[in-house]
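Trainee: File name query-v2.txt; file contents compact mmCIF, C-alpha atoms; full text below.
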# COMPACT_ATOMS: atom_id res chain seq x y z
CA MET D 183 123.52 -126.51 -27.15
CA TYR D 184 123.30 -130.25 -26.54
CA GLN D 185 120.50 -131.81 -24.56
CA THR D 186 120.95 -134.67 -22.12
CA MET D 187 121.17 -137.92 -24.05
CA ALA D 188 118.44 -140.50 -23.80
CA GLN D 189 119.83 -144.02 -24.11
CA SER D 190 120.95 -144.59 -27.69
CA LYS D 191 121.85 -147.96 -29.16
CA ILE D 192 125.04 -146.43 -30.60
CA LYS D 193 128.14 -147.60 -28.71
CA LEU D 194 130.89 -146.49 -31.11
CA ALA D 195 131.15 -143.30 -33.19
CA ILE D 196 133.81 -143.38 -35.93
CA PHE D 197 134.81 -140.12 -37.57
CA ASP D 198 136.65 -139.20 -40.71
CA LEU D 199 139.29 -136.56 -39.89
CA ASP D 200 139.91 -134.05 -42.70
CA GLY D 201 136.73 -132.16 -43.49
CA THR D 202 134.79 -133.79 -40.66
CA LEU D 203 136.56 -133.12 -37.35
CA LEU D 204 139.20 -130.69 -38.63
CA ASP D 205 139.34 -128.02 -41.32
CA THR D 206 142.73 -128.97 -42.73
CA ILE D 207 142.41 -127.77 -46.31
CA GLY D 208 144.69 -124.71 -45.99
CA ASP D 209 147.63 -126.67 -44.62
CA LEU D 210 147.10 -129.61 -46.99
CA GLY D 211 147.00 -127.27 -49.97
CA ALA D 212 150.07 -125.34 -48.87
CA ALA D 213 152.08 -128.54 -48.36
CA CYS D 214 151.02 -129.97 -51.71
CA ASN D 215 151.85 -126.71 -53.49
CA PHE D 216 155.27 -126.75 -51.82
CA ALA D 217 155.84 -130.29 -53.10
CA LEU D 218 154.60 -129.38 -56.59
CA LYS D 219 156.88 -126.35 -56.77
CA SER D 220 159.83 -128.35 -55.42
CA CYS D 221 159.31 -130.91 -58.20
CA GLY D 222 159.09 -128.22 -60.87
CA PHE D 223 155.34 -128.58 -61.40
CA PRO D 224 152.77 -125.75 -61.46
CA GLU D 225 150.97 -125.07 -58.20
CA ARG D 226 147.23 -125.54 -57.80
CA LYS D 227 144.68 -122.96 -56.71
CA MET D 228 143.68 -123.53 -53.11
CA GLU D 229 140.02 -124.03 -53.99
CA GLU D 230 140.97 -126.99 -56.19
CA TYR D 231 142.09 -128.98 -53.16
CA ASN D 232 138.54 -129.50 -51.91
CA GLY D 233 138.09 -132.00 -54.73
CA LEU D 234 141.60 -133.46 -54.60
CA VAL D 235 141.90 -134.49 -50.94
CA GLY D 236 140.25 -137.43 -49.21
CA ARG D 237 141.62 -140.39 -51.15
CA GLY D 238 145.05 -140.65 -49.53
CA ILE D 239 148.18 -138.63 -50.23
CA TYR D 240 149.30 -140.66 -53.22
CA ASN D 241 146.04 -139.99 -55.02
CA LEU D 242 146.33 -136.36 -53.94
CA PHE D 243 149.74 -136.13 -55.59
CA ARG D 244 148.53 -137.83 -58.76
CA GLY D 245 145.57 -135.52 -59.01
CA ALA D 246 147.59 -132.38 -58.33
CA MET D 247 150.52 -132.92 -60.69
CA PRO D 248 150.26 -132.49 -64.48
CA GLU D 249 148.51 -135.43 -66.11
CA ASP D 250 151.49 -136.39 -68.24
CA MET D 251 153.78 -136.50 -65.17
CA ARG D 252 151.78 -138.93 -63.03
CA THR D 253 154.42 -141.61 -62.63
CA ASP D 254 155.27 -143.66 -59.54
CA GLU D 255 158.66 -141.94 -59.46
CA ASN D 256 157.08 -138.49 -59.34
CA VAL D 257 154.62 -139.61 -56.66
CA SER D 258 157.62 -140.67 -54.54
CA ARG D 259 159.35 -137.34 -55.21
CA MET D 260 156.22 -135.47 -54.14
CA ARG D 261 156.00 -137.52 -50.97
CA ASP D 262 159.61 -136.75 -50.05
CA PHE D 263 158.87 -133.03 -50.18
CA PHE D 264 155.31 -133.13 -48.82
CA ILE D 265 155.72 -135.19 -45.63
CA PRO D 266 158.51 -133.19 -43.93
CA TYR D 267 156.84 -129.89 -44.86
CA TYR D 268 153.40 -130.98 -43.70
CA ASN D 269 154.77 -132.43 -40.47
CA ARG D 270 156.17 -128.97 -39.66
CA HIS D 271 153.14 -126.97 -40.80
CA MET D 272 150.11 -129.24 -40.32
CA ALA D 273 148.60 -126.99 -37.65
CA ASP D 274 149.43 -123.55 -39.08
CA HIS D 275 145.82 -122.97 -40.14
CA THR D 276 144.08 -126.23 -39.18
CA ARG D 277 141.34 -125.96 -36.56
CA PRO D 278 138.41 -128.06 -35.33
CA TYR D 279 135.09 -127.14 -36.88
CA ASN D 280 132.81 -125.16 -34.58
CA GLY D 281 130.96 -127.47 -32.23
CA ILE D 282 133.18 -130.51 -32.76
CA PRO D 283 135.06 -130.44 -29.43
CA GLU D 284 131.75 -130.11 -27.58
CA LEU D 285 130.23 -132.94 -29.61
CA LEU D 286 133.08 -135.34 -28.83
CA GLU D 287 132.93 -134.47 -25.14
CA LYS D 288 129.19 -135.01 -25.03
CA LEU D 289 129.39 -138.35 -26.83
CA GLU D 290 132.11 -139.59 -24.51
CA LYS D 291 130.20 -138.49 -21.42
CA ALA D 292 127.16 -140.35 -22.75
CA GLY D 293 129.18 -143.57 -22.95
CA VAL D 294 129.76 -143.57 -26.71
CA SER D 295 133.31 -144.63 -27.60
CA LEU D 296 135.20 -142.57 -30.21
CA ALA D 297 137.47 -143.54 -33.09
CA VAL D 298 139.02 -141.98 -36.20
CA ALA D 299 139.22 -143.63 -39.62
CA SER D 300 141.15 -141.43 -42.05
CA ASN D 301 142.90 -141.63 -45.41
CA LYS D 302 145.53 -139.24 -44.04
CA TYR D 303 148.89 -140.92 -43.52
CA GLN D 304 149.08 -142.51 -40.07
CA GLU D 305 151.71 -140.22 -38.56
CA GLY D 306 149.80 -137.10 -39.55
CA ALA D 307 146.44 -138.43 -38.36
CA GLU D 308 147.79 -139.35 -34.94
CA ALA D 309 149.61 -136.04 -34.51
CA LEU D 310 146.57 -133.90 -35.34
CA VAL D 311 144.14 -135.87 -33.21
CA ARG D 312 146.49 -135.70 -30.22
CA GLN D 313 147.09 -131.98 -30.70
CA PHE D 314 143.45 -130.95 -31.00
CA PHE D 315 141.58 -133.71 -29.14
CA GLY D 316 144.22 -135.09 -26.81
CA GLU D 317 141.87 -135.04 -23.84
CA ARG D 318 139.55 -137.57 -25.50
CA ASN D 319 140.01 -141.33 -25.17
CA PHE D 320 139.90 -142.76 -28.71
CA VAL D 321 139.52 -146.51 -29.19
CA SER D 322 141.62 -146.22 -32.37
CA ILE D 323 143.17 -143.51 -34.53
CA LEU D 324 143.77 -145.11 -37.90
CA GLY D 325 145.07 -143.58 -41.11
CA GLN D 326 146.68 -144.65 -44.35
CA ARG D 327 149.38 -147.27 -43.78
CA GLU D 328 151.67 -148.96 -46.27
CA GLY D 329 150.37 -152.27 -47.54
CA LEU D 330 146.81 -151.79 -46.28
CA PRO D 331 143.83 -150.68 -48.39
CA ILE D 332 142.41 -147.21 -47.89
CA LYS D 333 138.79 -146.11 -47.71
CA PRO D 334 136.29 -146.90 -49.15
CA ASP D 335 137.60 -150.37 -48.34
CA PRO D 336 135.86 -151.30 -45.06
CA GLY D 337 138.99 -152.85 -43.57
CA ILE D 338 139.74 -149.77 -41.47
CA VAL D 339 136.29 -149.96 -39.87
CA ARG D 340 136.71 -153.67 -39.25
CA GLU D 341 140.01 -152.99 -37.49
CA ILE D 342 138.34 -150.44 -35.24
CA GLU D 343 135.56 -152.94 -34.50
CA ARG D 344 138.15 -155.46 -33.34
CA ALA D 345 139.84 -152.85 -31.15
CA TYR D 346 136.51 -152.03 -29.52
CA GLY D 347 135.51 -155.62 -28.85
CA GLU D 348 132.15 -157.31 -29.16
CA ILE D 349 129.71 -155.00 -30.94
CA ASP D 350 126.90 -155.22 -33.48
CA ARG D 351 127.34 -153.14 -36.62
CA THR D 352 123.98 -151.45 -36.01
CA GLU D 353 125.63 -149.99 -32.89
CA ILE D 354 128.36 -148.26 -34.93
CA PHE D 355 127.94 -144.74 -36.30
CA TYR D 356 130.27 -143.52 -39.04
CA ALA D 357 130.46 -139.82 -40.04
CA GLY D 358 132.33 -138.23 -42.94
CA ASP D 359 132.21 -135.44 -45.50
CA SER D 360 132.80 -137.21 -48.84
CA ASP D 361 131.48 -139.87 -51.20
CA VAL D 362 134.44 -142.01 -50.12
CA ASP D 363 133.20 -141.88 -46.53
CA MET D 364 129.63 -142.75 -47.50
CA GLU D 365 130.90 -145.72 -49.53
CA THR D 366 133.06 -146.79 -46.59
CA GLY D 367 130.07 -146.82 -44.25
CA LEU D 368 127.95 -148.68 -46.78
CA ASN D 369 130.69 -151.26 -47.41
CA ALA D 370 131.12 -151.74 -43.65
CA GLY D 371 127.39 -152.14 -43.03
CA VAL D 372 127.24 -149.48 -40.29
CA VAL D 373 125.03 -146.44 -39.71
CA THR D 374 126.34 -143.65 -41.93
CA ALA D 375 126.07 -139.86 -41.66
CA GLY D 376 127.22 -137.35 -44.24
CA VAL D 377 128.35 -133.97 -42.87
CA THR D 378 127.95 -130.94 -45.09
CA TRP D 379 130.41 -128.58 -43.39
CA GLY D 380 133.46 -130.24 -44.95
CA PHE D 381 135.19 -130.21 -48.32
CA ARG D 382 132.57 -131.77 -50.59
CA THR D 383 129.08 -130.84 -51.73
CA ARG D 384 125.75 -131.81 -50.26
CA ALA D 385 124.79 -133.30 -53.62
CA GLU D 386 127.80 -135.64 -53.54
CA LEU D 387 126.74 -136.93 -50.15
CA GLU D 388 123.06 -137.23 -51.05
CA ALA D 389 123.94 -139.33 -54.10
CA LYS D 390 125.26 -142.05 -51.77
CA HIS D 391 122.06 -142.15 -49.68
CA PRO D 392 123.52 -142.00 -46.15
CA ASP D 393 121.28 -142.78 -43.21
CA PHE D 394 121.63 -139.16 -42.07
CA LEU D 395 122.71 -135.88 -43.63
CA CYS D 396 123.86 -133.35 -41.04
CA ASP D 397 124.51 -129.64 -41.47
CA THR D 398 125.92 -129.05 -37.97
CA PRO D 399 127.57 -131.08 -35.19
CA GLU D 400 124.38 -130.57 -33.19
CA GLU D 401 122.42 -132.35 -35.92
CA LEU D 402 124.96 -135.16 -35.77
CA TRP D 403 124.36 -135.45 -32.04
CA GLU D 404 120.60 -135.52 -32.64
CA ALA D 405 121.06 -138.30 -35.18
CA VAL D 406 122.91 -140.43 -32.64
CA VAL D 407 120.27 -139.71 -29.99
CA SER D 408 117.48 -140.72 -32.37
CA LEU D 409 118.77 -144.29 -32.70
CA LYS D 410 117.12 -146.40 -30.02
Translate the structure described by the file into structure tokens.
Mentor:
Amino acid sequence: MYQTMAQSKIKLAIFDLDGTLLDTIGDLGAACNFALKSCGFPERKMEEYNGLVGRGIYNLFRGAMPEDMRTDENVSRMRDFFIPYYNRHMADHTRPYNGIPELLEKLEKAGVSLAVASNKYQEGAEALVRQFFGERNFVSILGQREGLPIKPDPGIVREIERAYGEIDRTEIFYAGDSDVDMETGLNAGVVTAGVTWGFRTRAELEAKHPDFLCDTPEELWEAVVSLK
């Protein structure tokens, strides 16, 4: 599937998690519906979650609950139900997308360091990466943390840069499935790739003019290889 890699200038590949490395939508939707029901709110159709996820759990809760109930108190109530449920059920249906494990292995063998930059809460991001990609050596696994800005703020990419060490931003490749990810890459000044196998539409990604638009993990690999 993957050809031997000619020397690429890319030294660090940063990946979004939900919708990029892992298909998490079923478990995210189930946990959010559990929280909605527990708070006395109507549940959402599962297909609605494709447009609701990706901006952190607090924005997920605000988007999922009735418009006239979107208070800070209700967001906290949702969180209290969501987190314990999701921690127990986060891998019920979640799986890596086809070709992703092979892609990460190939990148690592080619000397490209790996990292994750997610808007998923930190505990959940770490748990899923370790469960599904525990054999890989990630420079950083970063998610949403209290008091720190979430994507598309470039701070999460900057933190990964510091963890890696000395590196030029043209040597960093960032891949994600949403407009938030494309804005993150643009704000960080790194090479950006939109992946179309995730939760959002191709048109949403194209509108942000990423450096690459990839329909398969193999195309993502080819994009990295093409950068000399």
Trainee: When you count only C-alpha atoms, which of these residues is closest to Asn280 of chain D: D:Thr374, D:Gln189, D:Thr202, D:Ser300?
Mentor: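 So, comparing all the options, the nearest one is D:Thr202.
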Trainee: Any idea what the distance is between atom CA of Val235 of chain D and atom CA of Arg351 of chain D?
Mentor: 27.7 Å
Trainee: Would you please work out which residue, of D:Asp209, D:Glu290, D:Glu365, D:Asp200, is nearest to Glu388 of chain D when using only C-alpha atoms?
Mentor: D:Glu365
Trainee: How close does each residue of segment 327-358 of chain D get to segment 391-402 of chain D, giving the shortest atom pair and distance in Å to one decimal for every residue with an atom at most 12 Å away, counting all atoms listed in the file, sorted by chain and residue number, as a tab-separated table?
Mentor:
residue	atom	partner	partner_atom	distance
D:Thr352	CA	D:Asp393	CA	11.6
D:Phe355	CA	D:Asp393	CA	9.8
D:Tyr356	CA	D:Pro392	CA	9.9
D:Ala357	CA	D:Leu402	CA	8.4
D:Gly358	CA	D:Leu395	CA	9.9
Trainee: Considering all atoms listed in the file, state which residue in the set D:Tyr279, D:Arg226, D:Asp250, D:Lys288 is at the smallest distance from Gly380 of chain D.
Mentor: D:Tyr279
Trainee: Dump as a list in words all residues having an atom at most 10 Å from (135.6, -152.3, -42.9), computed in the file's coordinates with all atoms listed in the file.
Mentor: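 Taken together, the residues in range are Ala299, Ile332, Lys333, Pro334, Asp335, Pro336, Gly337, Ile338, Val339, Arg340, Glu341, Ile342, Glu343, Thr366, Gly367, Leu368, Asn369, Ala370, Gly371 and Val372 of chain D.
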Trainee: Mind dumping the selected residues with C-alpha atoms as a tab-separated table (two decimals), in the frame of the given file?
Mentor:
chain	number	residue	atom	x	y	z
D	299	ALA	CA	139.22	-143.63	-39.62
D	332	ILE	CA	142.41	-147.21	-47.89
D	333	LYS	CA	138.79	-146.11	-47.71
D	334	PRO	CA	136.29	-146.90	-49.15
D	335	ASP	CA	137.60	-150.37	-48.34
D	336	PRO	CA	135.86	-151.30	-45.06
D	337	GLY	CA	138.99	-152.85	-43.57
D	338	ILE	CA	139.74	-149.77	-41.47
D	339	VAL	CA	136.29	-149.96	-39.87
D	340	ARG	CA	136.71	-153.67	-39.25
D	341	GLU	CA	140.01	-152.99	-37.49
D	342	ILE	CA	138.34	-150.44	-35.24
D	343	GLU	CA	135.56	-152.94	-34.50
D	366	THR	CA	133.06	-146.79	-46.59
D	367	GLY	CA	130.07	-146.82	-44.25
D	368	LEU	CA	127.95	-148.68	-46.78
D	369	ASN	CA	130.69	-151.26	-47.41
D	370	ALA	CA	131.12	-151.74	-43.65
D	371	GLY	CA	127.39	-152.14	-43.03
D	372	VAL	CA	127.24	-149.48	-40.29
Trainee: Do you know which residues are at most 9 Å from Ala273 of chain D counting only C-alpha atoms, after dropping those on the same chain fewer than 4 positions away, and could you put them as a list in words?
Mentor: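 Contacts, with the query itself left out: Thr206, Asp209, Tyr268, Asn269, Arg277, Leu310 and Gln313 of chain D.
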Trainee: Could you tell me how far atom CA of Trp379 of chain D lies from atom CA of Val321 of chain D, in Å and to one decimal?
Mentor: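 Atom CA of Trp379 of chain D sits 24.6 Å away from atom CA of Val321 of chain D.
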Trainee: Identify which of the residues D:Ala375, D:Leu210, D:Ile192, D:Leu409 lies closest to Gly236 of chain D, counting all atoms listed in the file when measuring atom-to-atom distances.
Mentor: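 Smallest separation from Gly236 of chain D among the options: D:Leu210.
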Trainee: Can you work out the spacing between atom CA of Gly347 of chain D and atom CA of Met364 of chain D in Å, to one decimal?
Mentor: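 Pair atom CA of Gly347 of chain D / atom CA of Met364 of chain D returns 23.4 Å.
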Trainee: Can you tell me, as a ChimeraX atom specification, what residues are no more than 12 Å from Thr383 of chain D when counting all atoms listed in the file, ignoring any on the same chain fewer than 4 positions away?
Mentor: /D:201,232-233,358-361,376-379,387-390,395,397
Trainee: Of the candidates D:Ala385, D:Val373, D:Ile265, D:Ile323, which one gets nearest to Ser408 of chain D if we count all atoms listed in the file?
Mentor: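 Among the listed residues, the smallest separation from Ser408 of chain D belongs to D:Val373.
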Trainee: Write out as a PyMOL selection string the residues lying within 9 Å of Asn256 of chain D, counting all atoms listed in the file and excluding same-chain residues fewer than 2 positions away.
Mentor: chain D and resi 221+243-244+247+251-254+258-261
Trainee: From the set D:Gly293, D:Gly306, D:Pro331, D:Gly222, which residue has the shortest atom-to-atom contact distance to Ser190 of chain D, counting only C-alpha atoms?
Mentor: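 Closest to Ser190 of chain D of all the choices is D:Gly293.
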Trainee: Using only C-alpha atoms, determine which residues lie at most 12 Å from Arg318 of chain D, disregarding the query and same-chain residues fewer than 5 positions distant; provide the list as a list in words.
Mentor: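 With the cut-off at 12 Å, the set is Ile282, Pro283, Glu284, Leu285, Leu286, Glu287, Lys288, Leu289, Glu290, Lys291, Val294, Ser295, Leu296, Ala297, Val298, Val311, Arg312, Gln313 and Ile323 of chain D.
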Trainee: Neighbours of Gln326 of chain D within 6 Å (only C-alpha atoms; same-chain residues fewer than 4 positions away dropped), as a list in words?
Mentor: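 Surrounding residues, per the criterion: Asn301, Lys302, Tyr303 and Gln304 of chain D.
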Trainee: Return as AutoDock Vina command-line options the box centre and box size in Å, one decimal, for an axis-aligned box around all listed atoms of segment 260-274 of chain D padded by 8 Å per side.
Mentor:
--center_x 154.1 --center_y -130.5 --center_z -45.9 --size_x 27.0 --size_y 30.0 --size_z 32.5
